[in-house]
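Heads up, entry-v4.tsv below (TSV, C-alpha atoms and all ligand atoms):
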```tsv
chain	number	residue	atom	x	y	z
Y	143	MET	CA	127.80	-23.77	-77.38
Y	144	LYS	CA	129.35	-26.55	-75.31
Y	145	LEU	CA	131.92	-28.54	-77.28
Y	146	PHE	CA	133.79	-31.64	-76.14
Y	147	TYR	CA	137.43	-31.45	-77.07
Y	148	ASP	CA	140.73	-33.30	-77.15
Y	149	LEU	CA	143.34	-30.91	-78.49
Y	150	HIS	CA	146.46	-33.06	-78.04
Y	151	ILE	CA	146.54	-36.26	-80.08
Y	152	HIS	CA	149.59	-37.87	-81.72
Y	153	SER	CA	149.30	-39.71	-85.03
Y	154	CYS	CA	151.56	-42.41	-86.46
Y	155	LEU	CA	153.76	-39.56	-87.68
Y	156	SER	CA	155.11	-38.99	-84.18
Y	157	PRO	CA	157.90	-41.51	-83.50
Y	158	CYS	CA	156.33	-42.25	-80.11
Y	159	GLY	CA	152.82	-42.48	-81.59
Y	160	SER	CA	151.50	-46.01	-82.08
Y	161	ASP	CA	151.35	-47.36	-85.63
Y	162	GLU	CA	147.60	-47.81	-85.09
Y	163	MET	CA	147.18	-44.01	-84.93
Y	164	THR	CA	146.27	-43.81	-88.60
Y	165	PRO	CA	144.09	-41.04	-90.07
Y	166	ASN	CA	140.96	-43.22	-90.32
Y	167	ASN	CA	141.44	-44.79	-86.90
Y	168	ILE	CA	141.83	-41.41	-85.22
Y	169	ALA	CA	138.85	-39.84	-87.01
Y	170	ASN	CA	136.63	-42.86	-86.29
Y	171	MET	CA	137.68	-43.12	-82.65
Y	172	ALA	CA	137.05	-39.40	-82.09
Y	173	TYR	CA	133.60	-39.96	-83.60
Y	174	LEU	CA	132.89	-43.01	-81.41
Y	175	LYS	CA	133.99	-41.08	-78.34
Y	176	GLY	CA	131.60	-38.28	-79.19
Y	177	LEU	CA	134.18	-35.51	-79.47
Y	178	ASP	CA	133.37	-32.24	-81.27
Y	179	ILE	CA	136.84	-30.71	-81.67
Y	180	ILE	CA	140.22	-32.42	-81.86
Y	181	SER	CA	143.75	-31.41	-82.81
Y	182	ILE	CA	146.53	-33.56	-84.24
Y	183	THR	CA	149.65	-32.37	-82.48
Y	184	ASP	CA	152.58	-34.40	-83.75
Y	185	HIS	CA	156.09	-33.55	-82.62
Y	186	ASN	CA	157.59	-30.74	-84.72
Y	187	THR	CA	155.48	-31.44	-87.81
Y	188	GLY	CA	151.89	-31.10	-88.94
Y	189	LYS	CA	152.01	-33.25	-92.04
Y	190	ASN	CA	149.14	-35.58	-91.07
Y	191	ASN	CA	146.80	-32.69	-90.22
Y	192	ASP	CA	145.27	-32.17	-93.61
Y	193	VAL	CA	144.25	-35.79	-94.23
Y	194	ILE	CA	142.76	-36.26	-90.76
Y	195	ARG	CA	140.98	-32.92	-91.04
Y	196	GLY	CA	139.27	-34.08	-94.22
Y	197	LEU	CA	138.23	-37.46	-92.80
Y	198	ALA	CA	136.99	-36.05	-89.49
Y	199	GLN	CA	135.04	-33.32	-91.21
Y	200	GLN	CA	132.94	-35.98	-92.94
Y	201	LEU	CA	132.03	-37.23	-89.45
Y	202	GLY	CA	131.14	-33.77	-88.20
Y	203	ILE	CA	134.31	-33.31	-86.17
Y	204	LEU	CA	136.36	-30.12	-86.34
Y	205	VAL	CA	140.13	-30.62	-86.53
Y	206	VAL	CA	142.07	-27.53	-85.47
Y	207	PRO	CA	145.44	-27.31	-87.28
Y	208	GLY	CA	148.09	-28.03	-84.67
Y	209	MET	CA	151.57	-29.18	-83.72
Y	210	GLU	CA	153.52	-29.94	-80.52
Y	211	VAL	CA	156.84	-28.16	-80.84
Y	212	GLN	CA	159.89	-29.04	-78.75
Y	213	THR	CA	161.86	-25.85	-78.24
Y	214	LYS	CA	165.56	-25.36	-77.62
Y	215	GLU	CA	164.77	-25.46	-73.88
Y	216	GLU	CA	163.31	-28.98	-74.46
Y	217	VAL	CA	159.90	-27.64	-73.47
Y	218	HIS	CA	156.82	-28.96	-75.26
Y	219	ILE	CA	154.49	-26.29	-76.64
Y	220	LEU	CA	151.14	-26.86	-78.30
Y	221	CYS	CA	150.66	-24.54	-81.28
Y	222	TYR	CA	147.25	-23.99	-82.88
Y	223	PHE	CA	146.60	-22.20	-86.17
Y	224	PRO	CA	143.58	-20.58	-87.82
Y	225	ASP	CA	143.88	-22.60	-91.04
Y	226	MET	CA	145.99	-25.18	-92.88
Y	227	GLU	CA	147.83	-22.57	-94.89
Y	228	ALA	CA	149.09	-20.94	-91.70
Y	229	LEU	CA	150.20	-24.31	-90.32
Y	230	ASN	CA	151.96	-25.28	-93.55
Y	231	THR	CA	153.77	-21.95	-93.90
Y	232	PHE	CA	154.77	-22.13	-90.25
Y	233	GLU	CA	156.18	-25.61	-90.83
Y	234	ASN	CA	158.19	-24.40	-93.82
Y	235	GLU	CA	159.79	-21.78	-91.58
Y	236	LEU	CA	160.60	-24.43	-88.96
Y	237	ASP	CA	162.76	-26.26	-91.48
Y	238	ALA	CA	165.44	-23.60	-91.02
Y	239	HIS	CA	165.56	-24.49	-87.31
Y	240	ARG	CA	165.64	-28.28	-87.66
Y	241	VAL	CA	168.58	-30.48	-86.80
Y	242	GLN	CA	168.63	-32.62	-89.92
Y	243	LEU	CA	169.62	-35.95	-88.41
Y	244	PRO	CA	167.88	-38.94	-90.00
Y	245	ASN	CA	165.33	-40.75	-87.85
Y	246	ARG	CA	166.12	-44.33	-86.82
Y	247	PRO	CA	162.70	-45.99	-86.96
Y	248	GLU	CA	163.90	-49.25	-85.38
Y	249	ARG	CA	165.01	-47.31	-82.31
Y	250	PHE	CA	162.68	-44.30	-82.03
Y	251	GLY	CA	159.61	-45.46	-83.96
Y	252	ASN	CA	158.04	-44.92	-87.36
Y	253	GLN	CA	157.24	-41.47	-88.70
Y	254	TRP	CA	154.50	-42.11	-91.23
Y	255	VAL	CA	152.76	-39.51	-93.33
Y	256	MET	CA	149.55	-41.14	-94.62
Y	257	ASP	CA	146.82	-40.55	-97.17
Y	258	GLU	CA	143.06	-40.86	-96.70
Y	259	GLU	CA	143.26	-44.62	-97.16
Y	260	ASP	CA	145.84	-45.04	-94.40
Y	261	SER	CA	148.55	-45.83	-96.94
Y	262	ILE	CA	152.04	-44.59	-96.14
Y	263	ILE	CA	153.01	-41.85	-98.57
Y	264	GLU	CA	156.20	-40.77	-96.83
Y	265	GLU	CA	158.49	-41.85	-94.03
Y	266	TYR	CA	159.35	-38.44	-92.56
Y	267	PRO	CA	163.16	-38.30	-92.84
Y	268	TRP	CA	164.42	-36.18	-89.94
Y	269	ALA	CA	164.35	-37.34	-86.33
Y	270	LEU	CA	161.32	-35.67	-84.79
Y	271	ILE	CA	162.47	-36.66	-81.32
Y	272	LEU	CA	165.02	-33.80	-81.38
Y	273	SER	CA	164.48	-30.25	-80.16
Y	274	LEU	CA	164.23	-27.48	-82.72
Y	275	ASN	CA	166.85	-24.79	-82.64
Y	276	LEU	CA	164.23	-22.25	-81.67
Y	277	SER	CA	163.72	-20.60	-78.29
Y	278	LEU	CA	160.37	-20.23	-76.55
Y	279	ASP	CA	160.36	-16.51	-77.36
Y	280	GLN	CA	161.16	-17.13	-81.01
Y	281	LEU	CA	158.47	-19.79	-81.26
Y	282	ASN	CA	155.88	-17.54	-79.66
Y	283	ALA	CA	156.68	-14.75	-82.13
Y	284	LEU	CA	156.57	-17.11	-85.11
Y	285	VAL	CA	153.22	-18.67	-84.15
Y	286	ASP	CA	151.80	-15.21	-83.53
Y	287	LYS	CA	152.98	-14.08	-86.97
Y	288	PHE	CA	150.73	-16.73	-88.53
Y	289	GLY	CA	147.73	-15.83	-86.41
Y	290	GLY	CA	148.12	-18.85	-84.13
Y	291	VAL	CA	148.33	-19.28	-80.39
Y	292	ILE	CA	150.60	-21.28	-78.10
Y	293	VAL	CA	149.61	-23.32	-75.06
Y	294	PRO	CA	152.42	-24.85	-72.97
Y	295	ALA	CA	151.88	-28.61	-72.90
Y	296	HIS	CA	151.48	-30.71	-69.72
Y	297	ILE	CA	153.09	-27.99	-67.57
Y	298	ASN	CA	153.08	-30.17	-64.46
Y	299	LYS	CA	154.77	-33.19	-66.03
Y	300	SER	CA	158.21	-34.14	-64.74
Y	301	SER	CA	159.90	-33.77	-68.13
Y	302	ASN	CA	159.63	-31.59	-71.24
Y	303	SER	CA	157.43	-29.09	-69.46
Y	304	MET	CA	157.71	-25.43	-68.56
Y	305	LEU	CA	157.66	-26.10	-64.84
Y	306	SER	CA	160.12	-29.00	-64.97
Y	307	ASN	CA	162.58	-27.36	-67.35
Y	308	LEU	CA	162.30	-23.65	-66.50
Y	309	GLY	CA	160.71	-23.80	-63.06
Y	310	PHE	CA	158.28	-20.99	-63.87
Y	311	ILE	CA	155.91	-19.66	-66.51
Y	312	PRO	CA	157.49	-16.66	-68.27
Y	313	GLU	CA	155.22	-13.61	-67.97
Y	314	ASP	CA	156.40	-12.07	-71.22
Y	315	LEU	CA	154.90	-14.91	-73.26
Y	316	ASN	CA	151.55	-13.38	-72.32
Y	317	LEU	CA	149.92	-16.79	-72.08
Y	318	LYS	CA	146.19	-17.12	-71.47
Y	319	PHE	CA	145.90	-20.91	-71.38
Y	320	ILE	CA	148.03	-23.75	-70.09
Y	321	GLU	CA	147.63	-27.50	-70.53
Y	322	VAL	CA	147.57	-29.55	-67.37
Y	323	PHE	CA	148.51	-33.21	-67.09
Y	324	MET	CA	145.80	-34.91	-65.07
Y	325	ASN	CA	147.93	-37.36	-63.08
Y	326	ALA	CA	150.09	-34.76	-61.33
Y	327	SER	CA	149.29	-31.85	-59.07
Y	328	VAL	CA	149.51	-28.21	-60.13
Y	329	PRO	CA	150.41	-25.27	-57.87
Y	330	GLN	CA	147.20	-23.40	-56.97
Y	331	ASP	CA	148.57	-19.93	-57.76
Y	332	ILE	CA	149.19	-21.05	-61.33
Y	333	LEU	CA	145.74	-22.57	-61.76
Y	334	GLY	CA	144.18	-19.28	-60.70
Y	335	HIS	CA	145.99	-17.29	-63.37
Y	336	TYR	CA	145.33	-19.22	-66.54
Y	337	GLY	CA	142.63	-20.93	-68.45
Y	338	VAL	CA	143.21	-24.69	-68.31
Y	339	LEU	CA	143.05	-27.31	-71.03
Y	340	ILE	CA	142.99	-30.99	-70.11
Y	341	ASN	CA	143.80	-33.19	-73.11
Y	342	SER	CA	144.67	-36.84	-73.54
Y	343	ASP	CA	148.15	-36.52	-75.14
Y	344	ALA	CA	147.03	-39.79	-76.73
Y	345	HIS	CA	149.74	-41.93	-78.31
Y	346	SER	CA	147.41	-44.89	-78.87
Y	347	LEU	CA	143.75	-45.15	-79.87
Y	348	GLY	CA	142.30	-46.11	-76.51
Y	349	GLN	CA	143.87	-43.05	-74.90
Y	350	ILE	CA	141.81	-40.55	-76.89
Y	351	SER	CA	139.60	-38.60	-74.47
Y	352	GLU	CA	136.10	-39.50	-73.44
Y	353	PRO	CA	133.64	-36.61	-73.85
Y	354	ILE	CA	134.41	-35.10	-70.46
Y	355	GLN	CA	136.35	-31.88	-71.04
Y	356	SER	CA	134.40	-29.16	-72.78
Y	357	LEU	CA	134.81	-25.57	-73.91
Y	358	GLU	CA	132.10	-22.98	-74.30
Y	359	LEU	CA	132.61	-21.40	-77.74
Y	360	THR	CA	130.48	-18.99	-79.75
Y	361	GLU	CA	130.55	-21.38	-82.71
Y	362	LYS	CA	132.19	-24.63	-83.77
Y	363	THR	CA	134.99	-23.11	-85.83
Y	364	THR	CA	138.76	-22.92	-85.66
Y	365	TYR	CA	138.57	-19.14	-85.42
Y	366	ALA	CA	136.29	-19.31	-82.38
Y	367	LEU	CA	138.69	-21.71	-80.66
Y	368	ILE	CA	141.79	-19.63	-81.43
Y	369	ASN	CA	140.06	-16.49	-80.19
Y	370	HIS	CA	139.02	-18.29	-77.03
Y	371	LEU	CA	142.59	-19.44	-76.34
Y	372	LYS	CA	143.90	-15.91	-76.92
Y	373	ARG	CA	141.50	-14.09	-74.67
Y	374	ARG	CA	142.44	-13.02	-71.18
Y	375	VAL	CA	140.63	-15.33	-68.79
Y	376	LYS	CA	141.37	-13.65	-65.49
Y	377	LEU	CA	142.99	-10.47	-64.09
T	1	ZN	ZN	154.67	-33.50	-74.86
T	2	ZN	ZN	152.23	-34.86	-76.81
```
In structure tokens, write the structure found in this file.
Amino acid sequence: MKLFYDLHIHSCLSPCGSDEMTPNNIANMAYLKGLDIISITDHNTGKNNDVIRGLAQQLGILVVPGMEVQTKEEVHILCYFPDMEALNTFENELDAHRVQLPNRPERFGNQWVMDEEDSIIEEYPWALILSLNLSLDQLNALVDKFGGVIVPAHINKSSNSMLSNLGFIPEDLNLKFIEVFMNASVPQDILGHYGVLINSDAHSLGQISEPIQSLELTEKTTYALINHLKRRVKL
């Protein structure tokens, strides 16, 4: 079945995410846009996933548990998990690799964990703008341990991307999909080797994708999406 997706959305928990990116606003906007599958990929935490997953589900939208991790190499990696338990356990393990410097909301932005009524239940304490003390290889192994899959984010962006920071896509990560940033070109040889996701990387409501990008999945489930992202597309 053809499913319209946007698998890279930041909530008000990301310091750079707009304060308007509340659980209800995101779920309702995804509904208005006509999306079938979304993922909330806040920087280095997944603590707004559960609430948005519940709200979106009531509107018929599947929310795939996710996170955008910034590795030691300052590369952004989208991580998707088969269920909330996997995401939560993964996050607990990340705590050992966090630099525990307090966030400065007035400088970097708010980091709000919210409930289903868009009330703030926690101001996330540590600065999410910082890299984790975790290499790409370590991250890949950890995500794999919890049954998840990684997709390098916006690989053709001029910062925080695999191509900008490493200059290449490491073969040993055994990647099947990459995310491409629409407003920059991508080398053709790379496009031919990987499946491609095009997401919004929305930091404000209006940026959430229109129903343009779609995936062909066997069913509308998290498992079907994870399997799709893990399969070998070419070669
Ligand atoms: Zn990013
Ligand atoms: Zn992002």
Shortest interatomic distance to Val211 (chain Y) - which of Y:Trp254, Y:Phe310, Y:Phe232, Y:Tyr336, counting all atoms listed in the file: Y:Phe232
Region 256-269 of chain Y environment, 6 Å, only C-alpha atoms, sequence neighbours closer than 4 positions dropped, as JSON, numbers by chain: {"Y": [164, 193, 242, 243, 244, 245]}
Compile a residue-level contact table for chain Y against ligand ZN 1 (chain T) at a cut-off of 9 Å, reporting for every qualifying residue the shortest atom pair and its distance in Å to one decimal, with only C-alpha atoms and all ligand atoms counted, rows ordered by chain and ascending number, as CSV.
```
residue,atom,partner,partner_atom,distance
Y:His150,CA,T:ZN1,ZN,8.8
Y:His185,CA,T:ZN1,ZN,7.9
Y:Glu210,CA,T:ZN1,ZN,6.8
Y:Val211,CA,T:ZN1,ZN,8.3
Y:Gln212,CA,T:ZN1,ZN,7.9
Y:Val217,CA,T:ZN1,ZN,8.0
Y:His218,CA,T:ZN1,ZN,5.0
Y:Ile219,CA,T:ZN1,ZN,7.4
Y:Leu220,CA,T:ZN1,ZN,8.3
Y:Ala295,CA,T:ZN1,ZN,6.0
Y:His296,CA,T:ZN1,ZN,6.7
Y:Lys299,CA,T:ZN1,ZN,8.8
Y:Ser301,CA,T:ZN1,ZN,8.5
Y:Asn302,CA,T:ZN1,ZN,6.4
Y:Ser303,CA,T:ZN1,ZN,7.5
Y:Asp343,CA,T:ZN1,ZN,7.2
```
Cut-off 9 Å around (149.9, -43.9, -77.9) with only C-alpha atoms: residues as a PyMOL selection string: chain Y and resi 151-154+158-163+343-350
Distance of CA of Asn252 (chain Y) from CA of Leu149 (chain Y), expressed in Å to one decimal place: 22.2 Å
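Minimum atom-to-atom distances from Y:Ser300, Y:Asn341, Y:Asn234, Y:Ser351 to ligand ZN 2 (chain T) were compared using all atoms listed in the file, and the lowest value belongs to Y:Asn341.
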Computed interatomic separation between CA of Leu278 (chain Y) and CA of Glu313 (chain Y) (Å):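 That distance, rounded to one decimal, is 12.0 Å.
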May I ask you to restore N, CA and C atoms in region 216-251 of chain Y and write the result as a PDB file, keeping the file's coordinate frame?
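Written output follows (out_20.pdb):
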```pdb
ATOM      1  N   GLU Y 216     163.905 -27.640 -74.607  1.00  0.00           N
ATOM      2  CA  GLU Y 216     163.310 -28.980 -74.460  1.00  0.00           C
ATOM      3  C   GLU Y 216     161.942 -28.924 -73.802  1.00  0.00           C
ATOM      4  N   VAL Y 217     161.250 -27.803 -74.001  1.00  0.00           N
ATOM      5  CA  VAL Y 217     159.900 -27.640 -73.470  1.00  0.00           C
ATOM      6  C   VAL Y 217     158.905 -27.917 -74.594  1.00  0.00           C
ATOM      7  N   HIS Y 218     157.851 -28.653 -74.275  1.00  0.00           N
ATOM      8  CA  HIS Y 218     156.820 -28.960 -75.260  1.00  0.00           C
ATOM      9  C   HIS Y 218     155.734 -27.876 -75.272  1.00  0.00           C
ATOM     10  N   ILE Y 219     155.460 -27.372 -76.467  1.00  0.00           N
ATOM     11  CA  ILE Y 219     154.490 -26.290 -76.640  1.00  0.00           C
ATOM     12  C   ILE Y 219     153.467 -26.680 -77.697  1.00  0.00           C
ATOM     13  N   LEU Y 220     152.205 -26.625 -77.327  1.00  0.00           N
ATOM     14  CA  LEU Y 220     151.140 -26.860 -78.300  1.00  0.00           C
ATOM     15  C   LEU Y 220     150.923 -25.572 -79.091  1.00  0.00           C
ATOM     16  N   CYS Y 221     150.862 -25.704 -80.408  1.00  0.00           N
ATOM     17  CA  CYS Y 221     150.660 -24.540 -81.280  1.00  0.00           C
ATOM     18  C   CYS Y 221     149.413 -24.800 -82.113  1.00  0.00           C
ATOM     19  N   TYR Y 222     148.490 -23.849 -82.106  1.00  0.00           N
ATOM     20  CA  TYR Y 222     147.250 -23.990 -82.880  1.00  0.00           C
ATOM     21  C   TYR Y 222     147.147 -22.844 -83.882  1.00  0.00           C
ATOM     22  N   PHE Y 223     146.620 -23.178 -85.080  1.00  0.00           N
ATOM     23  CA  PHE Y 223     146.600 -22.200 -86.170  1.00  0.00           C
ATOM     24  C   PHE Y 223     145.190 -22.046 -86.750  1.00  0.00           C
ATOM     25  N   PRO Y 224     144.926 -20.852 -87.311  1.00  0.00           N
ATOM     26  CA  PRO Y 224     143.580 -20.580 -87.820  1.00  0.00           C
ATOM     27  C   PRO Y 224     143.206 -21.386 -89.061  1.00  0.00           C
ATOM     28  N   ASP Y 225     144.193 -21.800 -89.853  1.00  0.00           N
ATOM     29  CA  ASP Y 225     143.880 -22.600 -91.040  1.00  0.00           C
ATOM     30  C   ASP Y 225     145.112 -23.413 -91.465  1.00  0.00           C
ATOM     31  N   MET Y 226     144.909 -24.295 -92.446  1.00  0.00           N
ATOM     32  CA  MET Y 226     145.990 -25.180 -92.880  1.00  0.00           C
ATOM     33  C   MET Y 226     147.130 -24.410 -93.536  1.00  0.00           C
ATOM     34  N   GLU Y 227     146.782 -23.345 -94.227  1.00  0.00           N
ATOM     35  CA  GLU Y 227     147.830 -22.570 -94.890  1.00  0.00           C
ATOM     36  C   GLU Y 227     148.797 -21.988 -93.852  1.00  0.00           C
ATOM     37  N   ALA Y 228     148.241 -21.490 -92.765  1.00  0.00           N
ATOM     38  CA  ALA Y 228     149.090 -20.940 -91.700  1.00  0.00           C
ATOM     39  C   ALA Y 228     149.984 -22.030 -91.115  1.00  0.00           C
ATOM     40  N   LEU Y 229     149.409 -23.200 -90.862  1.00  0.00           N
ATOM     41  CA  LEU Y 229     150.200 -24.310 -90.320  1.00  0.00           C
ATOM     42  C   LEU Y 229     151.313 -24.722 -91.294  1.00  0.00           C
ATOM     43  N   ASN Y 230     150.971 -24.836 -92.558  1.00  0.00           N
ATOM     44  CA  ASN Y 230     151.960 -25.280 -93.550  1.00  0.00           C
ATOM     45  C   ASN Y 230     153.091 -24.265 -93.734  1.00  0.00           C
ATOM     46  N   THR Y 231     152.743 -22.980 -93.749  1.00  0.00           N
ATOM     47  CA  THR Y 231     153.770 -21.950 -93.900  1.00  0.00           C
ATOM     48  C   THR Y 231     154.661 -21.909 -92.664  1.00  0.00           C
ATOM     49  N   PHE Y 232     154.030 -22.059 -91.509  1.00  0.00           N
ATOM     50  CA  PHE Y 232     154.770 -22.130 -90.250  1.00  0.00           C
ATOM     51  C   PHE Y 232     155.773 -23.286 -90.309  1.00  0.00           C
ATOM     52  N   GLU Y 233     155.293 -24.446 -90.769  1.00  0.00           N
ATOM     53  CA  GLU Y 233     156.180 -25.610 -90.830  1.00  0.00           C
ATOM     54  C   GLU Y 233     157.352 -25.376 -91.786  1.00  0.00           C
ATOM     55  N   ASN Y 234     157.091 -24.715 -92.893  1.00  0.00           N
ATOM     56  CA  ASN Y 234     158.190 -24.400 -93.820  1.00  0.00           C
ATOM     57  C   ASN Y 234     159.256 -23.566 -93.130  1.00  0.00           C
ATOM     58  N   GLU Y 235     158.813 -22.627 -92.296  1.00  0.00           N
ATOM     59  CA  GLU Y 235     159.790 -21.780 -91.580  1.00  0.00           C
ATOM     60  C   GLU Y 235     160.562 -22.591 -90.530  1.00  0.00           C
ATOM     61  N   LEU Y 236     159.911 -23.604 -89.971  1.00  0.00           N
ATOM     62  CA  LEU Y 236     160.600 -24.430 -88.960  1.00  0.00           C
ATOM     63  C   LEU Y 236     161.787 -25.171 -89.557  1.00  0.00           C
ATOM     64  N   ASP Y 237     161.700 -25.471 -90.850  1.00  0.00           N
ATOM     65  CA  ASP Y 237     162.760 -26.260 -91.480  1.00  0.00           C
ATOM     66  C   ASP Y 237     164.138 -25.615 -91.321  1.00  0.00           C
ATOM     67  N   ALA Y 238     164.165 -24.290 -91.207  1.00  0.00           N
ATOM     68  CA  ALA Y 238     165.440 -23.600 -91.020  1.00  0.00           C
ATOM     69  C   ALA Y 238     165.987 -23.815 -89.609  1.00  0.00           C
ATOM     70  N   HIS Y 239     165.147 -24.315 -88.710  1.00  0.00           N
ATOM     71  CA  HIS Y 239     165.560 -24.490 -87.310  1.00  0.00           C
ATOM     72  C   HIS Y 239     165.649 -25.969 -86.917  1.00  0.00           C
ATOM     73  N   ARG Y 240     165.607 -26.839 -87.918  1.00  0.00           N
ATOM     74  CA  ARG Y 240     165.640 -28.280 -87.660  1.00  0.00           C
ATOM     75  C   ARG Y 240     167.066 -28.814 -87.653  1.00  0.00           C
ATOM     76  N   VAL Y 241     167.341 -29.724 -86.734  1.00  0.00           N
ATOM     77  CA  VAL Y 241     168.580 -30.480 -86.800  1.00  0.00           C
ATOM     78  C   VAL Y 241     168.299 -31.633 -87.765  1.00  0.00           C
ATOM     79  N   GLN Y 242     168.978 -31.635 -88.899  1.00  0.00           N
ATOM     80  CA  GLN Y 242     168.630 -32.620 -89.920  1.00  0.00           C
ATOM     81  C   GLN Y 242     169.418 -33.918 -89.740  1.00  0.00           C
ATOM     82  N   LEU Y 243     169.065 -34.620 -88.659  1.00  0.00           N
ATOM     83  CA  LEU Y 243     169.620 -35.950 -88.410  1.00  0.00           C
ATOM     84  C   LEU Y 243     168.544 -36.959 -88.777  1.00  0.00           C
ATOM     85  N   PRO Y 244     168.900 -37.968 -89.588  1.00  0.00           N
ATOM     86  CA  PRO Y 244     167.880 -38.940 -90.000  1.00  0.00           C
ATOM     87  C   PRO Y 244     167.284 -39.683 -88.800  1.00  0.00           C
ATOM     88  N   ASN Y 245     165.978 -39.952 -88.891  1.00  0.00           N
ATOM     89  CA  ASN Y 245     165.330 -40.750 -87.850  1.00  0.00           C
ATOM     90  C   ASN Y 245     165.850 -42.192 -87.935  1.00  0.00           C
ATOM     91  N   ARG Y 246     165.819 -42.892 -86.815  1.00  0.00           N
ATOM     92  CA  ARG Y 246     166.120 -44.330 -86.820  1.00  0.00           C
ATOM     93  C   ARG Y 246     164.864 -45.040 -86.344  1.00  0.00           C
ATOM     94  N   PRO Y 247     164.011 -45.420 -87.310  1.00  0.00           N
ATOM     95  CA  PRO Y 247     162.700 -45.990 -86.960  1.00  0.00           C
ATOM     96  C   PRO Y 247     162.785 -47.185 -86.013  1.00  0.00           C
ATOM     97  N   GLU Y 248     163.802 -48.041 -86.207  1.00  0.00           N
ATOM     98  CA  GLU Y 248     163.900 -49.250 -85.380  1.00  0.00           C
ATOM     99  C   GLU Y 248     164.161 -48.892 -83.925  1.00  0.00           C
ATOM    100  N   ARG Y 249     164.714 -47.712 -83.680  1.00  0.00           N
ATOM    101  CA  ARG Y 249     165.010 -47.310 -82.310  1.00  0.00           C
ATOM    102  C   ARG Y 249     163.957 -46.350 -81.745  1.00  0.00           C
ATOM    103  N   PHE Y 250     163.577 -45.356 -82.553  1.00  0.00           N
ATOM    104  CA  PHE Y 250     162.680 -44.300 -82.030  1.00  0.00           C
ATOM    105  C   PHE Y 250     161.223 -44.486 -82.445  1.00  0.00           C
ATOM    106  N   GLY Y 251     160.983 -45.263 -83.488  1.00  0.00           N
ATOM    107  CA  GLY Y 251     159.610 -45.460 -83.960  1.00  0.00           C
ATOM    108  C   GLY Y 251     159.403 -44.899 -85.351  1.00  0.00           C
TER     109      GLY Y 251
END
```
